[in-house]
Amino acid sequence: MKAGHVKTLVLFMLSLALILPAASVQAADPIVLGCPLSTAFLYGWDAQRAITLAVEEINAAGGVDVAGEKRKFQVEVIDTRDLEPGVPVSEALLAVEKLILDRGADFIVGGPVRSEAALAAMPLLSKYRKISILTTGALSPKYHALVADNYDKFKYCFRIHGEAKWLVKEILTSLIEIREKYDLNKVFIMVQDVSHARAAGQILSKVAGEKGFDIKGMEIYPTGTGDFSMGLIKARKNDAEILSIWMDMPESSILLKQWYDLRVPALPFGSTLAAAEQPGFWAATEGKGEYCLANVVNAGNAPSNATDWTMKFYNAYEKRWDIPPEGLGSSSSYMAVYVLKDAIERAGSLDPDKVIAALEKTDMMGVYGRLRFDPKSHQVIPSFDPKEGAVGSIFQWQDGERVVVFPKSIAMGEIQLPPWMKK
Amino acid sequence: MDILVYGTINSVALALYALGFALVYGVSRLPNFAHGALYVLSGFITWSALNTLGLPYPLAILLALLATAVIGAVIYQFVLIRVRGMEISEIIASYAIALAILEGIRYVGFRGMTYTLPVFLEGRTTIGGVMVDYHRLLVVAIGAALFAGLWAFTRFTRVGLALRGMAQDERAAMMLGIDSDLMAVVAMALGSALAALAAILLLPLGNIVVESGYNVLILAIAVCIVGGIGSWFGAVIAAFIIGFAQILTVVYLGTHFQMMVALLAIILTLILKPSGLFGQQKELEERV
């Protein structure tokens with residue numbers, strides 16, 4: 001054989017050696033993440049963007065190692081529309097079922113986003129033995145309570161973001177700090193007429209009362225309410241000093257503008273207050289939303305240095321989508337993909353029982369702190385300290401910026417009062 | 001006093017929502033289910049004219065009013081005219097147009113809660129000890145001027161008189177030489193412009209979101225059913241009844257019953273007086 005031929009042969013063999021492993025990666029079936037999300041709504045599209053970002057990062061790094069085989073993630077999204085008024089829960093269930101049966105989802109990540117729909121989807125996940133990690137919106141404590149009460153049936157359900165009871169604890173602790181600093185003690189609660197908000201309002205009313213707060217009333221607003229004047233007048237007449245607002249409906253921006261226009265001397269403190277969470281809120285209200293506090297459930301949804309990963313995620317999201325993380329579903333949706341990858345790799349399989357066992361043993365540092373699930377309820381373990389658990393995030397709009405003010409361990413500034421409230 | 005002040009504001013807002021719907025139905029007997037969608041669309045047209053084209057606010061408003069009127073006329077001329085007189089088809093066709101408009105808005109990327117229009121006047125005052133912002137007062141003032149203007153228009157102008165003639169008896173109007181289809185186009189354009197005007201006045205109080213198209217439609221229908229479908233005067237009276245009933249409900253029963261008022265009003269009207277307070281479809285009563 002001539003030397004030239006040998007060279008060609010060696011070159012060919014080398015090329016083949018390089019191409020073959022890559023080809024085997026390409027050939028491996030992707031792991032399909034089914035994402036039932038209300039994509040026209042903030043808590044749906046922020047989750048979709050965060051999941052996409054995480055999947056792109058993981059795939060770019062080679063994918064998921066399943067017992068030695070590298071497999072990529074593939075995202076399949078169906079719009080559940082469950083955050084839109086008047087859309088029945090059954091629409092979300094159809095979306096979940098379609099993701100499983102039609103799109104071949106191996107795992108469900110994201111929603112359904114509305115608590116009512118997420119709760120209704122639980123038996124469906126059991127029926128098809130599909131592991132689901134809730135990452136956005138659904139805050140009802142009933143979700144993880146059901147898993148704890150009926151583990152064998154609902155063991156497929158995990159939730160990686162905070163839930164209403166913990167949010168109430170965060171808010172209560174923050175309220176106590178506000179009371180200590182500014183002597184504000186009278187709370188007026190305004191909630192949207194949806195499951196998690198009603199539950200949270202009732203819990204807050206009870207526990208804040210026990211902590212010595214003077215609860216001046218609780219108003220429940222149907223989704224789509226367009227005028228809040230009477231509620232605000234009632235708050236003013238009752239000398240309320242803090243407005244605790246639990247609303248994700250778009251009309252909540254009417255409430256905040258009205259609060260400013262009427263100069264109501266009560267600090268607006270929002271939870272799931274979607275209107276105030278978006279970075280564009282300041283411009284949209286021409287600064288009228290200044291001093292509004294918003295609980296964005298987990299760190300990373302507003303800028304802070306909770307962990308080394310927090311700002312890395314924050315900046316990566318902004319670079320990818322030209323806008324910073326927008327709502328409460330961003331960091332948790334991003335982390336769910338990484339947590340799932342970690343669990344699959346430890347399980348070495350996609351078998352639901354093995355992955356469940358691996359998820360229950362999850363212990364990793366993420367964007368919003370140490371991530372572990374309660375093995376009985378499958379709820380992420382929360383904490384005020386990112387070294388111990390999933391840490392929340394409450395920010396206040398100050399001079400056009402979302403300044404994290406709670407918990408102290410990650411705070412970037414202090415709570416301020418509007419000029420018409422200063423004593 | 002707060003009930004009086006905010007009851008009036010709420011009532012004027014409801015009347016503004018409903019006036020365009022009542023006008024179109026009154027003249028052409030066409031239930032325009034695209035009314036709420038046109039309301040939202042005009043909001044986004046104004047927003048785009050302001051923020052994308054960089055037009056001054058008054059010019060943006062004018063553009064939105066004109067554009068929505070033209071869109072309304074086009075909808076009638078190219079779609080609704082073909083199904084006119086077939087009630088179910090009218091509803092289906094106009095609702096399909098509404099869905100196309102609203103989903104189209106969403107499709108092109110107008111989603112989220114950060115789209116808003118600036119208020120006309122910043123500041124606040126107190127009326128009888130009740131604080132109220134200037135923009136809401138302006139809504140009441142412009143609303144009152146609009147009702148008066150519409151009343152004068154339908155009594156002292158040829159087009160207005162033709163519209164009234166159509167509303168009273170279409171066949172008799174045609175016998176007098178009034179072009180039925182032309183008047184229907186005019187009514188649709190005017191009704192759409194009224195939807196746009198309502199949007200321009202009321203959207204600065206909150207934000208522009210697709211979902212509000214459905215709410216506006218429901219409220220407009222409730223007001224028109226109570227007032228008597230087709231009666232513009234009835235729509236205004238009904239708006240005040242429902243508007244004050246909502247505020248009283250909030251004060252004495254609780255905010256979560258507020259949305260039920262409009263729906264309850266529809267049910268009660270259909271049971272007790274199906275043609276509504278000032279309705280002209282007396283055959284409905286005869287059926288009952």
# chains A, B, ... in the order shown; residues from 1 in each chain; ligands from 1
$ closest_atom_pairs --of "chain B" --to "chain A" --cutoff "10 Å" --atoms "only C-alpha atoms" --output "JSON lines"
{"residue": "B:Asp2", "atom": "CA", "partner": "A:Met230", "partner_atom": "CA", "distance": 7.7}
{"residue": "B:Ile3", "atom": "CA", "partner": "A:Met230", "partner_atom": "CA", "distance": 8.0}
{"residue": "B:Tyr6", "atom": "CA", "partner": "A:Ser229", "partner_atom": "CA", "distance": 7.2}
{"residue": "B:Gly7", "atom": "CA", "partner": "A:Met230", "partner_atom": "CA", "distance": 9.6}
{"residue": "B:Ile9", "atom": "CA", "partner": "A:Asp227", "partner_atom": "CA", "distance": 9.9}
{"residue": "B:Asn10", "atom": "CA", "partner": "A:Asp227", "partner_atom": "CA", "distance": 7.9}
{"residue": "B:Glu103", "atom": "CA", "partner": "A:Ala40", "partner_atom": "CA", "distance": 9.9}
{"residue": "B:Arg106", "atom": "CA", "partner": "A:Ala40", "partner_atom": "CA", "distance": 7.3}
{"residue": "B:Tyr107", "atom": "CA", "partner": "A:Ala40", "partner_atom": "CA", "distance": 9.1}
{"residue": "B:Gly109", "atom": "CA", "partner": "A:Ala40", "partner_atom": "CA", "distance": 9.2}
{"residue": "B:Phe110", "atom": "CA", "partner": "A:Ala40", "partner_atom": "CA", "distance": 9.3}
{"residue": "B:Arg111", "atom": "CA", "partner": "A:Ala40", "partner_atom": "CA", "distance": 6.2}
{"residue": "B:Gly112", "atom": "CA", "partner": "A:Leu42", "partner_atom": "CA", "distance": 6.1}
{"residue": "B:Met113", "atom": "CA", "partner": "A:Ala275", "partner_atom": "CA", "distance": 5.7}
{"residue": "B:Thr114", "atom": "CA", "partner": "A:Ala284", "partner_atom": "CA", "distance": 5.1}
{"residue": "B:Tyr115", "atom": "CA", "partner": "A:Ala284", "partner_atom": "CA", "distance": 6.2}
{"residue": "B:Thr116", "atom": "CA", "partner": "A:Ala284", "partner_atom": "CA", "distance": 5.7}
{"residue": "B:Leu117", "atom": "CA", "partner": "A:Ala284", "partner_atom": "CA", "distance": 8.1}
{"residue": "B:Pro118", "atom": "CA", "partner": "A:Glu286", "partner_atom": "CA", "distance": 8.1}
{"residue": "B:Glu122", "atom": "CA", "partner": "A:Asp261", "partner_atom": "CA", "distance": 8.3}
{"residue": "B:Gly123", "atom": "CA", "partner": "A:Asp261", "partner_atom": "CA", "distance": 7.1}
{"residue": "B:Arg124", "atom": "CA", "partner": "A:Asp261", "partner_atom": "CA", "distance": 6.7}
{"residue": "B:Thr125", "atom": "CA", "partner": "A:Leu262", "partner_atom": "CA", "distance": 9.0}
{"residue": "B:Thr126", "atom": "CA", "partner": "A:Leu262", "partner_atom": "CA", "distance": 9.7}
{"residue": "B:Val130", "atom": "CA", "partner": "A:Ile233", "partner_atom": "CA", "distance": 8.5}
{"residue": "B:Met131", "atom": "CA", "partner": "A:Leu262", "partner_atom": "CA", "distance": 6.2}
{"residue": "B:Val132", "atom": "CA", "partner": "A:Leu262", "partner_atom": "CA", "distance": 6.5}
{"residue": "B:Asp133", "atom": "CA", "partner": "A:Asp261", "partner_atom": "CA", "distance": 6.0}
{"residue": "B:Tyr134", "atom": "CA", "partner": "A:Asp261", "partner_atom": "CA", "distance": 9.0}
{"residue": "B:His135", "atom": "CA", "partner": "A:Asp261", "partner_atom": "CA", "distance": 9.6}
{"residue": "B:Leu202", "atom": "CA", "partner": "A:Gly226", "partner_atom": "CA", "distance": 9.9}
{"residue": "B:Leu203", "atom": "CA", "partner": "A:Ile254", "partner_atom": "CA", "distance": 9.2}
{"residue": "B:Pro204", "atom": "CA", "partner": "A:Ile254", "partner_atom": "CA", "distance": 8.9}
{"residue": "B:Leu205", "atom": "CA", "partner": "A:Ile254", "partner_atom": "CA", "distance": 5.9}
{"residue": "B:Gly206", "atom": "CA", "partner": "A:Ile254", "partner_atom": "CA", "distance": 4.1}
{"residue": "B:Asn207", "atom": "CA", "partner": "A:Ser253", "partner_atom": "CA", "distance": 6.7}
{"residue": "B:Ile208", "atom": "CA", "partner": "A:Pro250", "partner_atom": "CA", "distance": 8.7}
{"residue": "B:Val209", "atom": "CA", "partner": "A:Pro250", "partner_atom": "CA", "distance": 7.1}
{"residue": "B:Val210", "atom": "CA", "partner": "A:Ala40", "partner_atom": "CA", "distance": 9.6}
{"residue": "B:Glu211", "atom": "CA", "partner": "A:Glu84", "partner_atom": "CA", "distance": 7.2}
{"residue": "B:Ser212", "atom": "CA", "partner": "A:Gly224", "partner_atom": "CA", "distance": 7.4}
{"residue": "B:Tyr214", "atom": "CA", "partner": "A:Pro85", "partner_atom": "CA", "distance": 8.9}
{"residue": "B:Asn215", "atom": "CA", "partner": "A:Gly224", "partner_atom": "CA", "distance": 6.9}
{"residue": "B:Val216", "atom": "CA", "partner": "A:Gly224", "partner_atom": "CA", "distance": 9.8}
{"residue": "B:Ile247", "atom": "CA", "partner": "A:Met230", "partner_atom": "CA", "distance": 7.4}
{"residue": "B:Leu248", "atom": "CA", "partner": "A:Met230", "partner_atom": "CA", "distance": 9.6}
{"residue": "B:Val250", "atom": "CA", "partner": "A:Met230", "partner_atom": "CA", "distance": 7.1}
{"residue": "B:Val251", "atom": "CA", "partner": "A:Met230", "partner_atom": "CA", "distance": 7.1}
{"residue": "B:Gly254", "atom": "CA", "partner": "A:Glu219", "partner_atom": "CA", "distance": 6.9}
{"residue": "B:Thr255", "atom": "CA", "partner": "A:Tyr221", "partner_atom": "CA", "distance": 5.5}
{"residue": "B:His256", "atom": "CA", "partner": "A:Tyr221", "partner_atom": "CA", "distance": 4.9}
{"residue": "B:Phe257", "atom": "CA", "partner": "A:Pro222", "partner_atom": "CA", "distance": 7.8}
{"residue": "B:Gln258", "atom": "CA", "partner": "A:Pro222", "partner_atom": "CA", "distance": 7.5}
{"residue": "B:Met259", "atom": "CA", "partner": "A:Pro222", "partner_atom": "CA", "distance": 6.6}
{"residue": "B:Met260", "atom": "CA", "partner": "A:Pro222", "partner_atom": "CA", "distance": 9.2}
$ select_by_dssp --residues "region 57-288 of chain B" --states "strand (DSSP E)" --output "list in words"
Arg124, Thr125, Thr126, Ile127, Val130, Met131, Val132 and Asp133 of chain B
$ select_by_dssp --residues "region 243-375 of chain A" --states "alpha helix (DSSP H)" --output "mmCIF file with N, CA and C atoms, in the first residue's frame"
data_model
loop_
_atom_site.group_PDB
_atom_site.id
_atom_site.type_symbol
_atom_site.label_atom_id
_atom_site.label_comp_id
_atom_site.auth_asym_id
_atom_site.auth_seq_id
_atom_site.Cartn_x
_atom_site.Cartn_y
_atom_site.Cartn_z
ATOM 1 N N SER A 252 -55.048 44.598 38.772
ATOM 2 C CA SER A 252 -54.415 45.066 40.012
ATOM 3 C C SER A 252 -53.614 46.348 39.771
ATOM 4 N N SER A 253 -53.233 46.603 38.514
ATOM 5 C CA SER A 253 -52.522 47.862 38.250
ATOM 6 C C SER A 253 -53.471 49.050 38.420
ATOM 7 N N ILE A 254 -54.786 48.820 38.205
ATOM 8 C CA ILE A 254 -55.764 49.891 38.466
ATOM 9 C C ILE A 254 -55.724 50.208 39.954
ATOM 10 N N LEU A 255 -55.673 49.149 40.769
ATOM 11 C CA LEU A 255 -55.633 49.319 42.223
ATOM 12 C C LEU A 255 -54.423 50.167 42.638
ATOM 13 N N LEU A 256 -53.252 49.833 42.071
ATOM 14 C CA LEU A 256 -52.038 50.547 42.479
ATOM 15 C C LEU A 256 -52.058 52.003 42.017
ATOM 16 N N LYS A 257 -52.573 52.227 40.807
ATOM 17 C CA LYS A 257 -52.670 53.616 40.324
ATOM 18 C C LYS A 257 -53.662 54.403 41.180
ATOM 19 N N GLN A 258 -54.761 53.731 41.527
ATOM 20 C CA GLN A 258 -55.782 54.387 42.344
ATOM 21 C C GLN A 258 -55.221 54.698 43.741
ATOM 22 N N TRP A 259 -54.423 53.759 44.259
ATOM 23 C CA TRP A 259 -53.779 53.961 45.558
ATOM 24 C C TRP A 259 -52.929 55.233 45.514
ATOM 25 N N TYR A 260 -52.198 55.393 44.422
ATOM 26 C CA TYR A 260 -51.340 56.574 44.289
ATOM 27 C C TYR A 260 -52.193 57.836 44.108
ATOM 28 N N ASP A 261 -53.177 57.759 43.214
ATOM 29 C CA ASP A 261 -54.008 58.936 42.934
ATOM 30 C C ASP A 261 -54.740 59.421 44.182
ATOM 31 N N ALA A 274 -48.750 40.278 40.016
ATOM 32 C CA ALA A 274 -48.090 40.179 38.707
ATOM 33 C C ALA A 274 -47.837 41.544 38.076
ATOM 34 N N ALA A 275 -48.808 42.443 38.230
ATOM 35 C CA ALA A 275 -48.674 43.758 37.579
ATOM 36 C C ALA A 275 -47.416 44.489 38.039
ATOM 37 N N ALA A 276 -47.049 44.291 39.315
ATOM 38 C CA ALA A 276 -45.909 45.035 39.862
ATOM 39 C C ALA A 276 -44.593 44.283 39.702
ATOM 40 N N GLU A 277 -44.660 43.023 39.309
ATOM 41 C CA GLU A 277 -43.435 42.218 39.244
ATOM 42 C C GLU A 277 -42.600 42.528 38.004
ATOM 43 N N PHE A 281 -43.037 47.670 34.809
ATOM 44 C CA PHE A 281 -44.096 48.247 35.647
ATOM 45 C C PHE A 281 -43.851 49.732 35.920
ATOM 46 N N TRP A 282 -42.599 50.065 36.163
ATOM 47 C CA TRP A 282 -42.270 51.453 36.512
ATOM 48 C C TRP A 282 -42.681 52.399 35.374
ATOM 49 N N ALA A 283 -42.246 52.052 34.174
ATOM 50 C CA ALA A 283 -42.569 52.911 33.028
ATOM 51 C C ALA A 283 -44.075 52.911 32.770
ATOM 52 N N ALA A 284 -44.685 51.737 32.933
ATOM 53 C CA ALA A 284 -46.122 51.625 32.636
ATOM 54 C C ALA A 284 -46.964 52.471 33.578
ATOM 55 N N THR A 310 -27.167 33.164 41.549
ATOM 56 C CA THR A 310 -28.323 34.050 41.384
ATOM 57 C C THR A 310 -28.133 35.051 40.245
ATOM 58 N N MET A 311 -27.095 35.844 40.321
ATOM 59 C CA MET A 311 -26.908 36.874 39.294
ATOM 60 C C MET A 311 -26.445 36.269 37.970
ATOM 61 N N LYS A 312 -25.811 35.083 38.069
ATOM 62 C CA LYS A 312 -25.408 34.395 36.832
ATOM 63 C C LYS A 312 -26.666 34.059 36.031
ATOM 64 N N PHE A 313 -27.666 33.529 36.758
ATOM 65 C CA PHE A 313 -28.948 33.225 36.112
ATOM 66 C C PHE A 313 -29.618 34.510 35.636
ATOM 67 N N TYR A 314 -29.655 35.514 36.519
ATOM 68 C CA TYR A 314 -30.338 36.781 36.223
ATOM 69 C C TYR A 314 -29.779 37.388 34.924
ATOM 70 N N ASN A 315 -28.462 37.404 34.833
ATOM 71 C CA ASN A 315 -27.824 38.006 33.653
ATOM 72 C C ASN A 315 -28.003 37.143 32.406
ATOM 73 N N ALA A 316 -27.949 35.816 32.609
ATOM 74 C CA ALA A 316 -28.129 34.917 31.453
ATOM 75 C C ALA A 316 -29.541 35.069 30.890
ATOM 76 N N TYR A 317 -30.515 35.186 31.783
ATOM 77 C CA TYR A 317 -31.915 35.359 31.345
ATOM 78 C C TYR A 317 -32.043 36.661 30.554
ATOM 79 N N GLU A 318 -31.450 37.714 31.094
ATOM 80 C CA GLU A 318 -31.546 39.023 30.435
ATOM 81 C C GLU A 318 -30.851 38.989 29.073
ATOM 82 N N LYS A 319 -29.709 38.289 29.018
ATOM 83 C CA LYS A 319 -28.972 38.209 27.752
ATOM 84 C C LYS A 319 -29.783 37.428 26.713
ATOM 85 N N ARG A 320 -30.424 36.340 27.168
ATOM 86 C CA ARG A 320 -31.159 35.483 26.235
ATOM 87 C C ARG A 320 -32.458 36.121 25.762
ATOM 88 N N TRP A 321 -33.156 36.835 26.694
ATOM 89 C CA TRP A 321 -34.500 37.325 26.358
ATOM 90 C C TRP A 321 -34.606 38.841 26.292
ATOM 91 N N SER A 330 -39.775 32.522 37.242
ATOM 92 C CA SER A 330 -38.546 32.457 36.443
ATOM 93 C C SER A 330 -37.486 31.540 37.058
ATOM 94 N N SER A 331 -36.990 31.895 38.226
ATOM 95 C CA SER A 331 -35.841 31.149 38.771
ATOM 96 C C SER A 331 -36.218 29.706 39.114
ATOM 97 N N SER A 332 -37.452 29.500 39.595
ATOM 98 C CA SER A 332 -37.854 28.137 39.964
ATOM 99 C C SER A 332 -38.002 27.241 38.731
ATOM 100 N N SER A 333 -38.498 27.812 37.636
ATOM 101 C CA SER A 333 -38.645 27.015 36.413
ATOM 102 C C SER A 333 -37.277 26.639 35.863
ATOM 103 N N TYR A 334 -36.357 27.570 35.948
ATOM 104 C CA TYR A 334 -34.985 27.335 35.498
ATOM 105 C C TYR A 334 -34.351 26.216 36.321
ATOM 106 N N MET A 335 -34.504 26.324 37.641
ATOM 107 C CA MET A 335 -33.872 25.341 38.510
ATOM 108 C C MET A 335 -34.502 23.958 38.390
ATOM 109 N N ALA A 336 -35.805 23.909 38.088
ATOM 110 C CA ALA A 336 -36.484 22.604 37.984
ATOM 111 C C ALA A 336 -35.797 21.721 36.953
ATOM 112 N N VAL A 337 -35.349 22.330 35.861
ATOM 113 C CA VAL A 337 -34.704 21.546 34.794
ATOM 114 C C VAL A 337 -33.359 21.005 35.298
ATOM 115 N N TYR A 338 -32.623 21.838 36.001
ATOM 116 C CA TYR A 338 -31.327 21.386 36.538
ATOM 117 C C TYR A 338 -31.512 20.306 37.619
ATOM 118 N N VAL A 339 -32.532 20.488 38.441
ATOM 119 C CA VAL A 339 -32.805 19.506 39.498
ATOM 120 C C VAL A 339 -33.210 18.172 38.875
ATOM 121 N N LEU A 340 -34.016 18.249 37.835
ATOM 122 C CA LEU A 340 -34.452 17.024 37.155
ATOM 123 C C LEU A 340 -33.256 16.322 36.498
ATOM 124 N N LYS A 341 -32.402 17.108 35.888
ATOM 125 C CA LYS A 341 -31.198 16.545 35.249
ATOM 126 C C LYS A 341 -30.363 15.802 36.297
ATOM 127 N N ASP A 342 -30.185 16.474 37.428
ATOM 128 C CA ASP A 342 -29.390 15.891 38.508
ATOM 129 C C ASP A 342 -30.022 14.577 38.986
ATOM 130 N N ALA A 343 -31.340 14.576 39.144
ATOM 131 C CA ALA A 343 -32.031 13.375 39.637
ATOM 132 C C ALA A 343 -31.961 12.237 38.623
ATOM 133 N N ILE A 344 -32.170 12.562 37.354
ATOM 134 C CA ILE A 344 -32.121 11.523 36.304
ATOM 135 C C ILE A 344 -30.716 10.902 36.270
ATOM 136 N N GLU A 345 -29.714 11.741 36.378
ATOM 137 C CA GLU A 345 -28.335 11.235 36.305
ATOM 138 C C GLU A 345 -28.016 10.343 37.507
ATOM 139 N N ARG A 346 -28.549 10.734 38.666
ATOM 140 C CA ARG A 346 -28.305 9.891 39.840
ATOM 141 C C ARG A 346 -29.111 8.595 39.762
ATOM 142 N N ALA A 347 -30.317 8.696 39.203
ATOM 143 C CA ALA A 347 -31.156 7.499 39.066
ATOM 144 C C ALA A 347 -30.625 6.587 37.958
ATOM 145 N N PRO A 352 -39.976 6.205 36.589
ATOM 146 C CA PRO A 352 -40.534 7.166 37.553
ATOM 147 C C PRO A 352 -40.160 6.862 39.002
ATOM 148 N N ASP A 353 -40.235 5.599 39.401
ATOM 149 C CA ASP A 353 -39.949 5.280 40.802
ATOM 150 C C ASP A 353 -38.500 5.610 41.165
ATOM 151 N N LYS A 354 -37.583 5.320 40.235
ATOM 152 C CA LYS A 354 -36.164 5.608 40.505
ATOM 153 C C LYS A 354 -35.924 7.120 40.539
ATOM 154 N N VAL A 355 -36.566 7.836 39.623
ATOM 155 C CA VAL A 355 -36.365 9.301 39.584
ATOM 156 C C VAL A 355 -37.008 9.952 40.811
ATOM 157 N N ILE A 356 -38.164 9.427 41.234
ATOM 158 C CA ILE A 356 -38.806 9.966 42.451
ATOM 159 C C ILE A 356 -37.857 9.809 43.638
ATOM 160 N N ALA A 357 -37.286 8.610 43.748
ATOM 161 C CA ALA A 357 -36.358 8.357 44.868
ATOM 162 C C ALA A 357 -35.173 9.317 44.802
ATOM 163 N N ALA A 358 -34.694 9.557 43.583
ATOM 164 C CA ALA A 358 -33.552 10.468 43.420
ATOM 165 C C ALA A 358 -33.952 11.907 43.744
ATOM 166 N N LEU A 359 -35.126 12.307 43.281
ATOM 167 C CA LEU A 359 -35.595 13.674 43.564
ATOM 168 C C LEU A 359 -35.735 13.894 45.069
ATOM 169 N N GLU A 360 -36.224 12.864 45.753
ATOM 170 C CA GLU A 360 -36.394 12.986 47.211
ATOM 171 C C GLU A 360 -35.055 13.178 47.917
#
$ residues_around --residues "region 140-151 of chain B" --least-positions-apart "2" --cutoff "10 Å" --atoms "only C-alpha atoms" --output "PyMOL selection string"
chain B and resi 8-13+15-16+19+134-138+153-156+160+194+197-198+201+232-233+236
$ write_last_selection --atoms "C-alpha atoms" --output "compact mmCIF listing (two decimals), in the first residue's frame"
# COMPACT_ATOMS: atom_id res chain seq x y z
CA THR B 8 -71.57 58.17 39.35
CA ILE B 9 -68.08 57.45 38.02
CA ASN B 10 -68.82 53.72 37.82
CA SER B 11 -72.14 54.37 36.09
CA VAL B 12 -70.64 56.67 33.49
CA ALA B 13 -67.95 54.08 32.80
CA ALA B 15 -72.58 53.71 29.99
CA LEU B 16 -69.45 54.38 27.95
CA LEU B 19 -73.26 53.04 24.23
CA TYR B 134 -58.99 64.63 37.98
CA HIS B 135 -59.02 61.98 35.30
CA ARG B 136 -62.10 60.29 36.76
CA LEU B 137 -63.83 63.64 36.95
CA LEU B 138 -62.91 64.22 33.34
CA PHE B 153 -76.90 64.41 16.94
CA THR B 154 -79.87 62.06 16.65
CA ARG B 155 -82.35 64.94 16.74
CA PHE B 156 -80.79 67.77 14.80
CA GLY B 160 -78.77 61.26 13.20
CA LEU B 194 -67.69 54.98 20.72
CA LEU B 197 -63.65 56.61 22.95
CA ALA B 198 -64.56 54.52 25.99
CA LEU B 201 -61.10 57.52 28.47
CA TRP B 232 -79.63 54.40 23.86
CA PHE B 233 -81.47 56.30 26.58
CA VAL B 236 -77.65 55.19 30.07
$ residues_around --residues "Val27 (chain B)" --least-positions-apart "4" --cutoff "6 Å" --atoms "only C-alpha atoms" --output "list in words"
Leu163, Met166 and Ala167 of chain B
$ residues_around --residues "Phe21 (chain B)" --least-positions-apart "5" --cutoff "8 Å" --atoms "only C-alpha atoms" --output "PyMOL selection string"
chain B and resi 31-32+35+191+195+220-221+224
$ write_last_selection --atoms "C-alpha atoms" --output "mmCIF file, in the first residue's frame"
data_model
loop_
_atom_site.group_PDB
_atom_site.id
_atom_site.type_symbol
_atom_site.label_atom_id
_atom_site.label_comp_id
_atom_site.auth_asym_id
_atom_site.auth_seq_id
_atom_site.Cartn_x
_atom_site.Cartn_y
_atom_site.Cartn_z
ATOM 1 C CA PRO B 31 -75.576 42.292 18.211
ATOM 2 C CA ASN B 32 -71.951 43.289 17.712
ATOM 3 C CA HIS B 35 -67.499 45.404 20.603
ATOM 4 C CA GLY B 191 -70.468 52.343 17.491
ATOM 5 C CA ALA B 195 -65.961 51.795 21.876
ATOM 6 C CA ALA B 220 -72.103 46.198 27.680
ATOM 7 C CA ILE B 221 -74.555 43.362 27.081
ATOM 8 C CA CYS B 224 -78.172 46.924 27.081
#
$ residues_around --residues "His161 (chain A)" --least-positions-apart "4" --cutoff "8 Å" --atoms "only C-alpha atoms" --output "list in words"
Leu134, Thr135, Thr136, Val297, Asn298, Ser332, Gln379, Val380 and Ala390 of chain A
$ decode --residues "region 159-190 of chain A" --atoms "C-alpha atoms" --output "PDB file, in the first residue's frame"
ATOM      1  CA  ARG A 159     -43.241  21.631  43.797  1.00  0.00           C
ATOM      2  CA  ILE A 160     -39.995  23.553  43.620  1.00  0.00           C
ATOM      3  CA  HIS A 161     -41.241  27.038  44.475  1.00  0.00           C
ATOM      4  CA  GLY A 162     -42.662  28.542  47.651  1.00  0.00           C
ATOM      5  CA  GLU A 163     -46.277  28.012  48.674  1.00  0.00           C
ATOM      6  CA  ALA A 164     -48.878  30.258  50.283  1.00  0.00           C
ATOM      7  CA  LYS A 165     -48.255  29.258  53.919  1.00  0.00           C
ATOM      8  CA  TRP A 166     -44.549  29.992  53.657  1.00  0.00           C
ATOM      9  CA  LEU A 167     -45.260  33.203  51.791  1.00  0.00           C
ATOM     10  CA  VAL A 168     -47.522  34.260  54.646  1.00  0.00           C
ATOM     11  CA  LYS A 169     -44.681  33.531  57.079  1.00  0.00           C
ATOM     12  CA  GLU A 170     -42.313  35.656  54.999  1.00  0.00           C
ATOM     13  CA  ILE A 171     -44.842  38.453  54.787  1.00  0.00           C
ATOM     14  CA  LEU A 172     -45.569  38.275  58.499  1.00  0.00           C
ATOM     15  CA  THR A 173     -41.882  38.427  59.355  1.00  0.00           C
ATOM     16  CA  SER A 174     -41.474  41.346  56.995  1.00  0.00           C
ATOM     17  CA  LEU A 175     -44.526  43.063  58.511  1.00  0.00           C
ATOM     18  CA  ILE A 176     -43.005  42.668  61.962  1.00  0.00           C
ATOM     19  CA  GLU A 177     -39.813  44.327  60.683  1.00  0.00           C
ATOM     20  CA  ILE A 178     -41.890  47.169  59.221  1.00  0.00           C
ATOM     21  CA  ARG A 179     -43.746  47.545  62.524  1.00  0.00           C
ATOM     22  CA  GLU A 180     -40.478  47.691  64.451  1.00  0.00           C
ATOM     23  CA  LYS A 181     -39.041  50.300  62.122  1.00  0.00           C
ATOM     24  CA  TYR A 182     -42.050  52.454  61.229  1.00  0.00           C
ATOM     25  CA  ASP A 183     -44.674  51.606  63.860  1.00  0.00           C
ATOM     26  CA  LEU A 184     -47.238  50.477  61.255  1.00  0.00           C
ATOM     27  CA  ASN A 185     -49.682  48.004  62.779  1.00  0.00           C
ATOM     28  CA  LYS A 186     -53.042  48.228  60.993  1.00  0.00           C
ATOM     29  CA  VAL A 187     -53.414  45.842  58.076  1.00  0.00           C
ATOM     30  CA  PHE A 188     -56.129  45.835  55.413  1.00  0.00           C
ATOM     31  CA  ILE A 189     -56.211  42.693  53.251  1.00  0.00           C
ATOM     32  CA  MET A 190     -57.314  42.791  49.584  1.00  0.00           C
TER      33      MET A 190
END
